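Worksheet for the structure shown next.
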Amino acid sequence: MKDLDQKASVLDIRKRCTNKTVVIIGDVHGCFDELLMVLDKIGWNQKTHVIIFTGDLIDRGPKIKDALLFAMTTPNVYTLMSNHEYKLLRFLRGNQITIGSLSKTIVQCGELIFDTTLSDWLESLPYIIRWTDSSFVVHAGIVPFYPIYNQKKTTCIYIRTWNPSTNRMSVEGDEPWYKFDPVERIKIYFGHNVHSYPFVSNWTVAMDGGVVFGDTLRACLDGKEIIEVQSKAKYYWR
C-alpha cells in the first residue's frame, strides 16, 4: 500500500460542468433502486446533468453490479476513489486482503470482476474532484492544515479524525477532521462517515446518509439544494 503515500490526484472538471446541473451523490453501497429514485426526483438527464459519486458504490447492498455499471458506462458521471473501491482494486491486483463485505461484490458481479474494463476503471479513479473554483469532492476528507493539492491518497480515502499535535488520523477520541479551519477558502463535499445532517461545519457537506443501513441516500444539487430518499430496506447491520 506504498502507493497511498503518494500525492492525491485531482481531477478538474470545471469546464465540463459549465451550463450543467452538478449532482453530488453520497455512498451508494449497491443500493441501486434508491439511486434511481434520486435520479427520478431530480429529473436527471445525462446531457444536462453531471453526477459525482463520493465513492463506496460497492459492498453491502443488493444491486452492486448495477451501481458499478451505471457509474462505469454513463456519460457525465464521475466517481471518487474510496476505501471500498481501493480494497477491490487491491484484490484484483492479487494483493492479500481480508475479504469481509467485499464478498458480496465478488458474488454479485460475477464475470465482471475479472473483466479488465473494471480494473482499468478502478485504476483511473481520482482521489479529489474539483468542480468549481473553490468546491471539491473527496471520499473521506482531507487534512485541513495542508493545501488541497498537497493531500495524500491515504488521507482522501480513510481519514475520519485528525490530531494536529501528533499528525495522526482516524484515532478514536480525536476530533473529526472537519472541526478544524482549513488553510484555504474551500468547500468540501465528502462521504465515508454516516451523518444524519449534511452541514457538519461551515466549509464541509456530509453526503453519506447511511442508505445501506436503512436511512437515506443523499444528493446535493449545484452545492445548494439537498435531496434525500428513504432506503427501501435495511440491507446491512453495523
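Ordering of the C-alpha cells sets the chain letters (A, B, ...); residue numbers start at 1 within each chain; ligands are numbered from 1 in the order shown.
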
How close does stretch 25-67 of chain A get to stretch 148-163 of chain A? List, as a tab-separated table, each residue of stretch 25-67 of chain A within 12 Å, its nearest atom pair and the distance in Å to one decimal, counting only C-alpha atoms.
residue	atom	partner	partner_atom	distance
A:Thr54	CA	A:Ile157	CA	10.0
A:Gly55	CA	A:Ile157	CA	9.0
A:Asp56	CA	A:Ile157	CA	9.9

Would you output that residue set with C-alpha atoms, as a tab-separated table (two decimals), in the first residue's frame?
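Once written, part23.tsv looks like this:
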chain	number	residue	atom	x	y	z
A	54	THR	CA	-18.37	10.18	-3.40
A	55	GLY	CA	-17.23	6.57	-3.81
A	56	ASP	CA	-18.27	3.38	-1.98

Could you build a table of the residues in stretch 25-134 of chain A lying no more than 10 Å from stretch 193-211 of chain A, giving for each the nearest pair of atoms and their separation in Å rounded to one decimal place, using only C-alpha atoms, ordered by chain and ascending residue number, as JSON lines?
{"residue": "A:Ile25", "atom": "CA", "partner": "A:Met207", "partner_atom": "CA", "distance": 6.7}
{"residue": "A:Gly26", "atom": "CA", "partner": "A:Met207", "partner_atom": "CA", "distance": 4.5}
{"residue": "A:Asp27", "atom": "CA", "partner": "A:Asp208", "partner_atom": "CA", "distance": 5.4}
{"residue": "A:Val28", "atom": "CA", "partner": "A:Val211", "partner_atom": "CA", "distance": 7.0}
{"residue": "A:His29", "atom": "CA", "partner": "A:Val211", "partner_atom": "CA", "distance": 7.9}
{"residue": "A:Gly30", "atom": "CA", "partner": "A:Val211", "partner_atom": "CA", "distance": 9.5}
{"residue": "A:Cys31", "atom": "CA", "partner": "A:Val211", "partner_atom": "CA", "distance": 7.2}
{"residue": "A:Glu34", "atom": "CA", "partner": "A:Val211", "partner_atom": "CA", "distance": 8.0}
{"residue": "A:Leu35", "atom": "CA", "partner": "A:Val211", "partner_atom": "CA", "distance": 9.7}
{"residue": "A:Phe53", "atom": "CA", "partner": "A:Met207", "partner_atom": "CA", "distance": 9.6}
{"residue": "A:Thr54", "atom": "CA", "partner": "A:Met207", "partner_atom": "CA", "distance": 7.7}
{"residue": "A:Gly55", "atom": "CA", "partner": "A:Asp208", "partner_atom": "CA", "distance": 9.9}
{"residue": "A:Asp56", "atom": "CA", "partner": "A:Asp208", "partner_atom": "CA", "distance": 9.8}
{"residue": "A:Gly61", "atom": "CA", "partner": "A:Val211", "partner_atom": "CA", "distance": 9.2}

Could you turn the residues from that selection into a file that holds C-alpha atoms, as a compact mmCIF listing (two decimals), in the first residue's frame?
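Result written to result.txt:
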# COMPACT_ATOMS: atom_id res chain seq x y z
CA ILE A 25 -24.35 11.74 -4.55
CA GLY A 26 -23.26 10.07 -1.32
CA ASP A 27 -22.16 6.49 -0.69
CA VAL A 28 -24.49 4.16 -2.63
CA HIS A 29 -23.17 0.77 -1.43
CA GLY A 30 -25.13 -1.18 -4.02
CA CYS A 31 -28.47 0.48 -3.27
CA GLU A 34 -32.57 4.19 -4.23
CA LEU A 35 -30.14 5.74 -6.71
CA PHE A 53 -20.26 9.93 -6.69
CA THR A 54 -18.37 10.18 -3.40
CA GLY A 55 -17.23 6.57 -3.81
CA ASP A 56 -18.27 3.38 -1.98
CA GLY A 61 -26.10 -3.65 -0.74

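Between A:Thr18 and the residues A:Val50, A:Gly141, A:Tyr86, A:Asp215, the shortest atom-to-atom distance, using only C-alpha atoms, involves A:Val50.
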
| task | as a ChimeraX atom specification, please: all residues of stretch 34-143 of chain A that backbone DSSP puts in alpha helix (DSSP H). | result | /A:34-42,64-73,83-93,102-109,116-124

Would you export the selected residues with C-alpha atoms as a compact mmCIF listing (two decimals), in the first residue's frame, please?
# COMPACT_ATOMS: atom_id res chain seq x y z
CA GLU A 34 -32.57 4.19 -4.23
CA LEU A 35 -30.14 5.74 -6.71
CA LEU A 36 -32.79 5.53 -9.42
CA MET A 37 -35.24 7.17 -7.01
CA VAL A 38 -32.84 10.08 -6.52
CA LEU A 39 -32.29 10.44 -10.27
CA ASP A 40 -36.04 10.44 -10.86
CA LYS A 41 -36.58 13.01 -8.12
CA ILE A 42 -34.11 15.46 -9.67
CA ILE A 64 -23.78 -3.71 -6.61
CA LYS A 65 -23.23 -4.69 -10.24
CA ASP A 66 -25.98 -2.32 -11.42
CA ALA A 67 -24.45 0.57 -9.48
CA LEU A 68 -20.99 -0.17 -10.87
CA LEU A 69 -22.13 -0.46 -14.48
CA PHE A 70 -24.08 2.78 -14.22
CA ALA A 71 -21.01 4.64 -12.96
CA MET A 72 -18.67 2.99 -15.46
CA THR A 73 -20.73 3.46 -18.62
CA ASN A 83 -11.60 2.72 0.75
CA HIS A 84 -14.03 0.11 -0.60
CA GLU A 85 -13.10 0.62 -4.25
CA TYR A 86 -9.42 0.60 -3.31
CA LYS A 87 -9.86 -2.71 -1.50
CA LEU A 88 -11.46 -4.19 -4.61
CA LEU A 89 -8.59 -2.85 -6.69
CA ARG A 90 -6.06 -4.49 -4.38
CA PHE A 91 -7.95 -7.77 -4.67
CA LEU A 92 -7.84 -7.54 -8.46
CA ARG A 93 -4.12 -6.76 -8.31
CA LEU A 102 -16.21 -7.44 -0.48
CA SER A 103 -17.57 -10.98 -0.85
CA LYS A 104 -20.96 -9.54 -1.82
CA THR A 105 -19.34 -7.52 -4.58
CA ILE A 106 -17.44 -10.53 -5.91
CA VAL A 107 -20.51 -12.78 -5.92
CA GLN A 108 -22.93 -10.22 -7.38
CA CYS A 109 -20.59 -9.01 -10.10
CA THR A 116 -10.16 -5.74 -17.41
CA THR A 117 -12.56 -2.87 -18.00
CA LEU A 118 -13.37 -2.94 -14.28
CA SER A 119 -9.75 -2.95 -13.09
CA ASP A 120 -8.85 -0.27 -15.65
CA TRP A 121 -11.74 1.87 -14.45
CA LEU A 122 -10.72 1.46 -10.80
CA GLU A 123 -7.13 2.38 -11.63
CA SER A 124 -8.37 5.59 -13.27

| query | For A:Ile142, which residue among A:Gly94, A:Gly110, A:Gly100, A:Gly191 is the nearest when counting only C-alpha atoms? | reply |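 Answer, going by the shortest atom-to-atom distance: A:Gly191.
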
| task | List every residue of stretch 72-211 of chain A that DSSP, applied to the backbone, labels as strand (DSSP E or B), and write the result as an MDAnalysis selection string. | result | chainID A and resid 77:79 128:130 135:138 152 161:163 168:169 175:176 187:190 201 204:206 210

| What is the distance between atom CA of A:Lys20 and atom CA of A:Gly43, in Å to one decimal? |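 Those two atoms sit 12.9 Å apart.
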
| All residues 7 Å or closer to A:Val138, only C-alpha atoms, same chain fewer than 6 positions away omitted, as a PyMOL selection string | chain A and resi 54+80+127-129+156+189-190

| said: Taking 4 positions as the minimum chain separation for residues in the same chain, which residues sit within 6 Å of A:His49 when counting only C-alpha atoms? Answer as number ranges by chain. | reply: A: 20-22, 45

Keeping only N, CA and C atoms, write the selected residues as a PDB file, in the first residue's frame.
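Saved result, selection30.pdb, follows:
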ATOM      1  N   LYS A  20     -24.318  23.146 -16.740  1.00  0.00           N
ATOM      2  CA  LYS A  20     -24.922  21.870 -16.361  1.00  0.00           C
ATOM      3  C   LYS A  20     -25.266  21.873 -14.870  1.00  0.00           C
ATOM      4  N   THR A  21     -26.223  21.050 -14.498  1.00  0.00           N
ATOM      5  CA  THR A  21     -26.557  20.855 -13.092  1.00  0.00           C
ATOM      6  C   THR A  21     -25.626  19.802 -12.516  1.00  0.00           C
ATOM      7  N   VAL A  22     -24.906  20.163 -11.466  1.00  0.00           N
ATOM      8  CA  VAL A  22     -23.955  19.242 -10.843  1.00  0.00           C
ATOM      9  C   VAL A  22     -24.629  18.558  -9.659  1.00  0.00           C
ATOM     10  N   ASN A  45     -30.983  14.007 -16.450  1.00  0.00           N
ATOM     11  CA  ASN A  45     -30.769  13.804 -17.879  1.00  0.00           C
ATOM     12  C   ASN A  45     -29.270  13.807 -18.103  1.00  0.00           C
TER      13      ASN A  45
END

| Using only C-alpha atoms: which of A:Ser135, A:Leu4, A:Lys47, A:Ala233 has the shortest distance to A:Asn19 | A:Lys47

| query | So how far away is atom CA of A:Asp5 from atom CA of A:Pro147, in Å? | reply |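 Taking atom CA of A:Pro147 as the start and atom CA of A:Asp5 as the end point, the length is 15.9 Å.
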
| field | Test item: residues at most 9 Å from A:Phe180, only C-alpha atoms, excluding those fewer than 3 positions along its chain, as a list in words | value | Val143, Pro144, Phe145, Trp162, Glu175, Pro176 and Trp177 of chain A

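Here the question is which of A:Glu172, A:Phe213, A:Asp133, A:Ser165 gets nearest to A:Arg185 using only C-alpha atoms, and that residue is A:Asp133.
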
| task | Could you give me, as a list in words, the residues within 8 Å of A:Pro126, counting only C-alpha atoms and dropping anything in the same chain fewer than 3 positions from it? | result | Ala8, Ser9, Val10, Leu11, Thr79, Leu80, Met81 and Ile129 of chain A

| remark: One decimal place gives the atom CA of A:Leu57-atom CA of A:Ile99 separation as 16.4 Å

| task | Point out the residue among A:Leu221, A:Ala140, A:Ile24, A:Ile58 with the least atom-to-atom distance to A:Ile113, counting only C-alpha atoms. | result |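 Of A:Leu221, A:Ala140, A:Ile24, A:Ile58, the one nearest A:Ile113, counting only C-alpha atoms, is A:Ile58.
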
| task | Go through A:Arg16, A:Lys179, A:Lys2, A:Arg218 and flag the residue nearest A:Ser231, using only C-alpha atoms for the distances. | result |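 The answer is A:Arg218, which sits nearest to A:Ser231.
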